[in-house]
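Trainee: Let me begin by handing over the structure; questions about it come next.
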Amino acid sequence: MTSSKPNRHRAHGTKRLSPAAKVGLAPGALIHLGERKTEQATISLIEYGEADLTEHQFTSLAEARSYQPKLPVLWLNVHGLHEPEVMAEIGRRFKLHPLVLEDILNTNQRPKVDDYGDYLFIVARFFEIDSESQQIGSDQVSLILGANFVLTFQERPSGRFDPVRERLRQDRGQIRKLGADYLAYSLLDAVVDRYFTILENIGERTEELEDIMLDRPRPGALQLVHQLKRETLNLRRSIWPLREVINSLTRADERFFRPETRPYLRDVYDHTVHAIESLEANRDMIAGMLDIYLSAISNRVNQEVRALTVVAIIFMPATLISGIFGMNFKTMPLLDWPAGFLIAIGLMAIVATTLSIVFWRRRWLA
């Protein structure tokens with residue numbers, strides 16, 4: 001562990017372990033399952049009370065073992081989940097169940113909440129937008145709430161909890177007065193608030209794609225529709241379970257969330273419901289885009305077929321006239337006239353012009 005600047009991208013040369021790697025191992029075995037998203041794990045600690053706050057950055061396990069908390073509330077945050085020895089030391093220090101540590105290291109968890117008697121274990125997911133590809137990715141964030149401590153575990157530094165840290169440092173609001181439960185609420189609120197930014201991005205991309213499809217759909221538009229469908233499906237898999245998690249927290253007993261904090265939890269629940277409604281609206285728009293795409297393509301084909309039909313009809317009389325005068329008869333009208341050829345050409349031109357005017361007035365040539 002070091003306090004050096006973390007790498008926000010996937011480490012080169014790392015291998016993603018699948019759940020099959022744990023086949024045959026005992027329950028609670030500490031193996032990191034998922035993608036390694038930072039070079040080294042970092043541990044940061046914030047202790048605070050109403051009047052005081054201290055921060056620490058641990059660079060070794062020995063330093064973390066020797067540290068003794070002094071203030072009422074403790075917030076320990078870990079970036080990087082690929083070092084099992086770090087997780088084992090934290091589990092020993094805070095008396096965490098081995099299955100909790102196993103779930104933290106398995107970064108493919110579904111959002112959930114588990115009551116372990118002395119603490120709550122909560123799993124949620126962060127979503128981020130890649131600035132280059134504009135694709136949406138997700139990271140797992142695990143939160144443990146005890147009587148006077150909060151533990152958070154993130155796959156990589158994302159900066160999503162920085163506003164909470166600033167509020168603690170500047171003693172803004174009630175965050176340093178209401179204890180660990182209010183801190184846990186603040187962190188969950190930061191997770192939920194991020195969903196609105198992602199949903200706004202998806203909504204803007206959906207509207208742009210809808211305009212493209214209504215105007216002139218291109219071949220790559222269908223691929224963009226499927227990409228949006230995958231992203232909204234991933235969001236749905238995270239937001240719907242999180243709503244149930246927060247709902248269960250609002251109805252839990254007072255061991256972890258005091259009556260003063262419950263109204264704030266209900267507010268987070270309302271935000272989650274609002275996010276779900278926005279997500280479902282976007283999903284409906286995306287689901288209807290396939291019909292829009294097929295209708296636009298069908299309409300475009302119909303217009304092209306109509307244009308070809310009009311051209312064929314305009315030149316059909318000319319073909320008929322030339323075919324009649326091309327028959328092998330010795331005696332035919334106009335064959336012996338010096339102006340016969342010009343009369344036939346003029347007749348063809350008059351019929352073609354008349355048909356063109358008729359089709360233009362009917363807007364078939366637009």
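Every chain in the structure tokens takes a letter, A first, then B, and so on in the order presented; its residues are numbered from 1, and the ligands are numbered from 1 following the presented order.
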What residues in range 107-303 of chain A get the DSSP label strand (DSSP E or B)? Please answer as a PDB file with N, CA and C atoms, in the first residue's frame.
Mentor:
```pdb
ATOM      1  N   LYS A 112     -27.413  -5.147  -1.989  1.00  0.00           N
ATOM      2  CA  LYS A 112     -28.125  -5.863  -0.930  1.00  0.00           C
ATOM      3  C   LYS A 112     -27.754  -5.269   0.411  1.00  0.00           C
ATOM      4  N   VAL A 113     -28.448  -5.691   1.457  1.00  0.00           N
ATOM      5  CA  VAL A 113     -28.115  -5.328   2.825  1.00  0.00           C
ATOM      6  C   VAL A 113     -28.249  -6.584   3.686  1.00  0.00           C
ATOM      7  N   ASP A 114     -27.263  -6.827   4.537  1.00  0.00           N
ATOM      8  CA  ASP A 114     -27.260  -7.981   5.448  1.00  0.00           C
ATOM      9  C   ASP A 114     -27.030  -7.478   6.867  1.00  0.00           C
ATOM     10  N   ASP A 115     -27.792  -8.011   7.799  1.00  0.00           N
ATOM     11  CA  ASP A 115     -27.674  -7.654   9.210  1.00  0.00           C
ATOM     12  C   ASP A 115     -26.845  -8.726   9.910  1.00  0.00           C
ATOM     13  N   LEU A 120     -24.174  -3.558   9.950  1.00  0.00           N
ATOM     14  CA  LEU A 120     -24.886  -3.779   8.688  1.00  0.00           C
ATOM     15  C   LEU A 120     -23.884  -3.818   7.550  1.00  0.00           C
ATOM     16  N   PHE A 121     -24.109  -4.725   6.621  1.00  0.00           N
ATOM     17  CA  PHE A 121     -23.276  -4.824   5.425  1.00  0.00           C
ATOM     18  C   PHE A 121     -24.134  -4.456   4.222  1.00  0.00           C
ATOM     19  N   ILE A 122     -23.724  -3.399   3.502  1.00  0.00           N
ATOM     20  CA  ILE A 122     -24.494  -2.868   2.380  1.00  0.00           C
ATOM     21  C   ILE A 122     -23.622  -2.880   1.134  1.00  0.00           C
ATOM     22  N   VAL A 123     -24.200  -3.334   0.040  1.00  0.00           N
ATOM     23  CA  VAL A 123     -23.515  -3.342  -1.257  1.00  0.00           C
ATOM     24  C   VAL A 123     -24.309  -2.480  -2.227  1.00  0.00           C
ATOM     25  N   ALA A 124     -23.619  -1.602  -2.952  1.00  0.00           N
ATOM     26  CA  ALA A 124     -24.232  -0.781  -3.998  1.00  0.00           C
ATOM     27  C   ALA A 124     -23.249  -0.695  -5.158  1.00  0.00           C
ATOM     28  N   ARG A 125     -23.632   0.054  -6.187  1.00  0.00           N
ATOM     29  CA  ARG A 125     -22.763   0.194  -7.352  1.00  0.00           C
ATOM     30  C   ARG A 125     -22.676   1.656  -7.772  1.00  0.00           C
ATOM     31  N   PHE A 126     -21.446   2.058  -8.106  1.00  0.00           N
ATOM     32  CA  PHE A 126     -21.183   3.356  -8.723  1.00  0.00           C
ATOM     33  C   PHE A 126     -21.252   3.198 -10.243  1.00  0.00           C
ATOM     34  N   PHE A 127     -21.663   4.254 -10.929  1.00  0.00           N
ATOM     35  CA  PHE A 127     -21.620   4.261 -12.394  1.00  0.00           C
ATOM     36  C   PHE A 127     -20.831   5.474 -12.856  1.00  0.00           C
ATOM     37  N   GLU A 128     -19.965   5.252 -13.850  1.00  0.00           N
ATOM     38  CA  GLU A 128     -19.111   6.302 -14.398  1.00  0.00           C
ATOM     39  C   GLU A 128     -19.224   6.311 -15.914  1.00  0.00           C
ATOM     40  N   ILE A 129     -19.027   7.505 -16.510  1.00  0.00           N
ATOM     41  CA  ILE A 129     -19.058   7.672 -17.960  1.00  0.00           C
ATOM     42  C   ILE A 129     -17.629   7.857 -18.454  1.00  0.00           C
ATOM     43  N   ILE A 136     -20.750   3.618 -20.418  1.00  0.00           N
ATOM     44  CA  ILE A 136     -20.994   3.656 -18.983  1.00  0.00           C
ATOM     45  C   ILE A 136     -20.470   2.371 -18.347  1.00  0.00           C
ATOM     46  N   GLY A 137     -19.605   2.525 -17.354  1.00  0.00           N
ATOM     47  CA  GLY A 137     -19.098   1.388 -16.593  1.00  0.00           C
ATOM     48  C   GLY A 137     -19.501   1.505 -15.137  1.00  0.00           C
ATOM     49  N   SER A 138     -19.322   0.437 -14.388  1.00  0.00           N
ATOM     50  CA  SER A 138     -19.754   0.440 -12.988  1.00  0.00           C
ATOM     51  C   SER A 138     -18.677  -0.161 -12.103  1.00  0.00           C
ATOM     52  N   ASP A 139     -18.658   0.303 -10.851  1.00  0.00           N
ATOM     53  CA  ASP A 139     -17.779  -0.224  -9.811  1.00  0.00           C
ATOM     54  C   ASP A 139     -18.624  -0.589  -8.600  1.00  0.00           C
ATOM     55  N   GLN A 140     -18.175  -1.609  -7.887  1.00  0.00           N
ATOM     56  CA  GLN A 140     -18.872  -1.992  -6.658  1.00  0.00           C
ATOM     57  C   GLN A 140     -18.348  -1.170  -5.492  1.00  0.00           C
ATOM     58  N   VAL A 141     -19.261  -0.728  -4.636  1.00  0.00           N
ATOM     59  CA  VAL A 141     -18.887  -0.060  -3.401  1.00  0.00           C
ATOM     60  C   VAL A 141     -19.582  -0.801  -2.258  1.00  0.00           C
ATOM     61  N   SER A 142     -18.803  -1.206  -1.266  1.00  0.00           N
ATOM     62  CA  SER A 142     -19.331  -1.920  -0.101  1.00  0.00           C
ATOM     63  C   SER A 142     -19.233  -1.004   1.113  1.00  0.00           C
ATOM     64  N   LEU A 143     -20.256  -1.052   1.945  1.00  0.00           N
ATOM     65  CA  LEU A 143     -20.323  -0.174   3.119  1.00  0.00           C
ATOM     66  C   LEU A 143     -20.711  -0.998   4.334  1.00  0.00           C
ATOM     67  N   ILE A 144     -19.978  -0.805   5.419  1.00  0.00           N
ATOM     68  CA  ILE A 144     -20.270  -1.481   6.679  1.00  0.00           C
ATOM     69  C   ILE A 144     -20.531  -0.416   7.735  1.00  0.00           C
ATOM     70  N   LEU A 145     -21.693  -0.516   8.355  1.00  0.00           N
ATOM     71  CA  LEU A 145     -22.092   0.455   9.373  1.00  0.00           C
ATOM     72  C   LEU A 145     -22.149  -0.229  10.725  1.00  0.00           C
ATOM     73  N   PHE A 149     -18.674   3.366  13.726  1.00  0.00           N
ATOM     74  CA  PHE A 149     -17.727   3.349  12.609  1.00  0.00           C
ATOM     75  C   PHE A 149     -18.457   3.061  11.297  1.00  0.00           C
ATOM     76  N   VAL A 150     -17.840   3.514  10.221  1.00  0.00           N
ATOM     77  CA  VAL A 150     -18.294   3.231   8.860  1.00  0.00           C
ATOM     78  C   VAL A 150     -17.067   2.797   8.062  1.00  0.00           C
ATOM     79  N   LEU A 151     -17.174   1.672   7.383  1.00  0.00           N
ATOM     80  CA  LEU A 151     -16.121   1.172   6.508  1.00  0.00           C
ATOM     81  C   LEU A 151     -16.635   1.190   5.073  1.00  0.00           C
ATOM     82  N   THR A 152     -15.845   1.723   4.166  1.00  0.00           N
ATOM     83  CA  THR A 152     -16.214   1.724   2.752  1.00  0.00           C
ATOM     84  C   THR A 152     -15.085   1.104   1.949  1.00  0.00           C
ATOM     85  N   PHE A 153     -15.467   0.319   0.937  1.00  0.00           N
ATOM     86  CA  PHE A 153     -14.503  -0.390   0.097  1.00  0.00           C
ATOM     87  C   PHE A 153     -14.865  -0.118  -1.362  1.00  0.00           C
ATOM     88  N   GLN A 154     -13.914   0.463  -2.095  1.00  0.00           N
ATOM     89  CA  GLN A 154     -14.135   0.812  -3.489  1.00  0.00           C
ATOM     90  C   GLN A 154     -13.088   0.148  -4.361  1.00  0.00           C
TER      91      GLN A 154
END
```
Trainee: For range 168-178 of chain A, list every protein, DNA or RNA residue within 7 Å, evaluated using only C-alpha atoms, and leave out those in the same chain fewer than 3 positions away; present the list as a PyMOL selection string.
Mentor: chain A and resi 48-50+164-165+182-183
Trainee: Tell me, as an MDAnalysis selection string, which residues lie within 12 Å of range 257-274 of chain A, counting only C-alpha atoms; anything in the same chain fewer than 6 positions away does not count.
Mentor: chainID A and resid 119:120 145:148 174:175 177:196 199 235:236 238:251 280:281
Trainee: Which one of A:Met332, A:Thr353, A:Asp291, A:Gln223 sits closest to Pro317 in chain A if you count only C-alpha atoms?
Mentor: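 Closest to Pro317 in chain A, using only C-alpha atoms: A:Thr353.
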Trainee: Between CA of Tyr67 in chain A and CA of Glu85 in chain A, measure the distance and give it in Å to one decimal.
Mentor: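 Interatomic distance here is 17.2 Å.
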Trainee: Pick from A:Glu166, A:Ser66, A:Gln134, A:Leu214: nearest to Asn299 in chain A, with only C-alpha atoms counted?
Mentor: A:Leu214
Trainee: Name the residues in contact with Gln135 in chain A at a cut-off of 10 Å, using only C-alpha atoms, excluding same-chain residues fewer than 4 positions from it; report them as a list in words.
Mentor: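 In the requested form, the answer reads Glu128, Ile129, Asp130, Ser131, Ile202, Gln227, Leu228 and Glu231 of chain A.
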Trainee: Suppose you want the space between CA of Leu101 in chain A and CA of Leu71 in chain A; what is it in Å?
Mentor: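 These two atoms are separated by 25.5 Å.
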Trainee: What separation in Å, quoted to one decimal, exists between CA of Arg230 in chain A and CA of Asp162 in chain A?
Mentor: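 Interatomic distance here is 29.2 Å.
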Trainee: Could you please write out, as a PyMOL selection string, every residue of range 272-362 of chain A that DSSP assigns to alpha helix (DSSP H)?
Mentor: chain A and resi 272-325+340-361
Trainee: When you count only C-alpha atoms, which of these residues is closest to Leu347 in chain A: A:Thr54, A:Ser278, A:Asn106, A:Ser322?
Mentor: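 Using only C-alpha atoms, Leu347 in chain A sits closest to A:Ser322.
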Trainee: List the spatial neighbours of Leu99 in chain A as a list of chain:residue names - criterion: any atom at most 12 Å away, only C-alpha atoms, same-chain residues fewer than 2 positions off excluded.
Mentor: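 Residues meeting the cut-off are A:Ala26, A:Pro27, A:Gly28, A:Ala29, A:Leu30, A:Ile31, A:Met87, A:Ala88, A:Gly91, A:Lys95, A:Leu96, A:His97, A:Leu101, A:Glu102, A:Asp103, A:Ile104, A:Leu105, A:Asn106, A:Asp114, A:Tyr116, A:Phe121.
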Trainee: Could you write those residues out with N, CA, C and O atoms, as a PDB file, in the first residue's frame?
Mentor:
```
ATOM      1  N   ALA A  26     -13.154 -23.279   0.379  1.00  0.00           N
ATOM      2  CA  ALA A  26     -14.032 -23.175   1.540  1.00  0.00           C
ATOM      3  C   ALA A  26     -14.760 -21.842   1.538  1.00  0.00           C
ATOM      4  O   ALA A  26     -14.247 -20.836   1.031  1.00  0.00           O
ATOM      5  N   PRO A  27     -15.977 -21.789   2.106  1.00  0.00           N
ATOM      6  CA  PRO A  27     -16.686 -20.505   2.215  1.00  0.00           C
ATOM      7  C   PRO A  27     -15.864 -19.493   3.001  1.00  0.00           C
ATOM      8  O   PRO A  27     -15.256 -19.823   4.016  1.00  0.00           O
ATOM      9  N   GLY A  28     -15.850 -18.260   2.523  1.00  0.00           N
ATOM     10  CA  GLY A  28     -15.086 -17.217   3.185  1.00  0.00           C
ATOM     11  C   GLY A  28     -13.650 -17.109   2.727  1.00  0.00           C
ATOM     12  O   GLY A  28     -12.890 -16.310   3.279  1.00  0.00           O
ATOM     13  N   ALA A  29     -13.268 -17.884   1.697  1.00  0.00           N
ATOM     14  CA  ALA A  29     -11.900 -17.789   1.175  1.00  0.00           C
ATOM     15  C   ALA A  29     -11.700 -16.419   0.534  1.00  0.00           C
ATOM     16  O   ALA A  29     -12.539 -15.953  -0.233  1.00  0.00           O
ATOM     17  N   LEU A  30     -10.584 -15.761   0.860  1.00  0.00           N
ATOM     18  CA  LEU A  30     -10.345 -14.391   0.405  1.00  0.00           C
ATOM     19  C   LEU A  30      -9.617 -14.409  -0.932  1.00  0.00           C
ATOM     20  O   LEU A  30      -8.389 -14.479  -0.999  1.00  0.00           O
ATOM     21  N   ILE A  31     -10.417 -14.363  -2.001  1.00  0.00           N
ATOM     22  CA  ILE A  31      -9.886 -14.290  -3.367  1.00  0.00           C
ATOM     23  C   ILE A  31     -10.613 -13.165  -4.075  1.00  0.00           C
ATOM     24  O   ILE A  31     -11.846 -13.112  -4.066  1.00  0.00           O
ATOM     25  N   MET A  87      -7.590  -6.931   3.439  1.00  0.00           N
ATOM     26  CA  MET A  87      -8.956  -7.228   3.858  1.00  0.00           C
ATOM     27  C   MET A  87      -8.952  -8.103   5.113  1.00  0.00           C
ATOM     28  O   MET A  87      -9.789  -7.918   6.013  1.00  0.00           O
ATOM     29  N   ALA A  88      -8.029  -9.038   5.187  1.00  0.00           N
ATOM     30  CA  ALA A  88      -7.965  -9.913   6.362  1.00  0.00           C
ATOM     31  C   ALA A  88      -7.654  -9.103   7.623  1.00  0.00           C
ATOM     32  O   ALA A  88      -8.225  -9.344   8.693  1.00  0.00           O
ATOM     33  N   GLY A  91     -10.717  -7.131   8.583  1.00  0.00           N
ATOM     34  CA  GLY A  91     -11.697  -8.046   9.163  1.00  0.00           C
ATOM     35  C   GLY A  91     -11.351  -8.425  10.590  1.00  0.00           C
ATOM     36  O   GLY A  91     -12.230  -8.531  11.452  1.00  0.00           O
ATOM     37  N   LYS A  95     -13.690  -7.265  13.543  1.00  0.00           N
ATOM     38  CA  LYS A  95     -14.444  -8.493  13.821  1.00  0.00           C
ATOM     39  C   LYS A  95     -15.529  -8.729  12.769  1.00  0.00           C
ATOM     40  O   LYS A  95     -16.702  -8.958  13.074  1.00  0.00           O
ATOM     41  N   LEU A  96     -15.134  -8.705  11.499  1.00  0.00           N
ATOM     42  CA  LEU A  96     -16.060  -8.913  10.389  1.00  0.00           C
ATOM     43  C   LEU A  96     -16.168 -10.401  10.071  1.00  0.00           C
ATOM     44  O   LEU A  96     -15.197 -11.152  10.178  1.00  0.00           O
ATOM     45  N   HIS A  97     -17.336 -10.802   9.674  1.00  0.00           N
ATOM     46  CA  HIS A  97     -17.573 -12.202   9.311  1.00  0.00           C
ATOM     47  C   HIS A  97     -16.803 -12.534   8.030  1.00  0.00           C
ATOM     48  O   HIS A  97     -16.710 -11.703   7.116  1.00  0.00           O
ATOM     49  N   LEU A 101     -16.200 -10.401   4.119  1.00  0.00           N
ATOM     50  CA  LEU A 101     -14.959 -10.137   3.381  1.00  0.00           C
ATOM     51  C   LEU A 101     -14.985 -10.805   2.010  1.00  0.00           C
ATOM     52  O   LEU A 101     -14.505 -10.236   1.022  1.00  0.00           O
ATOM     53  N   GLU A 102     -15.558 -11.997   1.949  1.00  0.00           N
ATOM     54  CA  GLU A 102     -15.661 -12.687   0.663  1.00  0.00           C
ATOM     55  C   GLU A 102     -16.527 -11.894  -0.312  1.00  0.00           C
ATOM     56  O   GLU A 102     -16.182 -11.753  -1.491  1.00  0.00           O
ATOM     57  N   ASP A 103     -17.659 -11.362   0.173  1.00  0.00           N
ATOM     58  CA  ASP A 103     -18.535 -10.593  -0.697  1.00  0.00           C
ATOM     59  C   ASP A 103     -17.901  -9.277  -1.134  1.00  0.00           C
ATOM     60  O   ASP A 103     -18.143  -8.801  -2.241  1.00  0.00           O
ATOM     61  N   ILE A 104     -17.095  -8.672  -0.276  1.00  0.00           N
ATOM     62  CA  ILE A 104     -16.415  -7.430  -0.656  1.00  0.00           C
ATOM     63  C   ILE A 104     -15.426  -7.690  -1.790  1.00  0.00           C
ATOM     64  O   ILE A 104     -15.325  -6.901  -2.736  1.00  0.00           O
ATOM     65  N   LEU A 105     -14.712  -8.797  -1.726  1.00  0.00           N
ATOM     66  CA  LEU A 105     -13.725  -9.113  -2.751  1.00  0.00           C
ATOM     67  C   LEU A 105     -14.360  -9.606  -4.045  1.00  0.00           C
ATOM     68  O   LEU A 105     -13.709  -9.579  -5.094  1.00  0.00           O
ATOM     69  N   ASN A 106     -15.607 -10.059  -3.983  1.00  0.00           N
ATOM     70  CA  ASN A 106     -16.331 -10.458  -5.193  1.00  0.00           C
ATOM     71  C   ASN A 106     -17.061  -9.239  -5.730  1.00  0.00           C
ATOM     72  O   ASN A 106     -18.121  -8.855  -5.236  1.00  0.00           O
ATOM     73  N   ASP A 114     -27.263  -6.827   4.537  1.00  0.00           N
ATOM     74  CA  ASP A 114     -27.260  -7.981   5.448  1.00  0.00           C
ATOM     75  C   ASP A 114     -27.030  -7.478   6.867  1.00  0.00           C
ATOM     76  O   ASP A 114     -26.160  -6.633   7.107  1.00  0.00           O
ATOM     77  N   TYR A 116     -25.671  -8.337  10.441  1.00  0.00           N
ATOM     78  CA  TYR A 116     -24.800  -9.264  11.142  1.00  0.00           C
ATOM     79  C   TYR A 116     -24.797  -9.010  12.647  1.00  0.00           C
ATOM     80  O   TYR A 116     -23.856  -9.380  13.344  1.00  0.00           O
ATOM     81  N   PHE A 121     -24.109  -4.725   6.621  1.00  0.00           N
ATOM     82  CA  PHE A 121     -23.276  -4.824   5.425  1.00  0.00           C
ATOM     83  C   PHE A 121     -24.134  -4.456   4.222  1.00  0.00           C
ATOM     84  O   PHE A 121     -25.154  -5.090   3.952  1.00  0.00           O
TER      85      PHE A 121
END
```
Trainee: Compare A:Thr59, A:Thr197, A:Gln109, A:Gln303 by their minimum atom-to-atom distance to Arg237 in chain A, counting only C-alpha atoms, and give me the closest one.
Mentor: A:Gln109
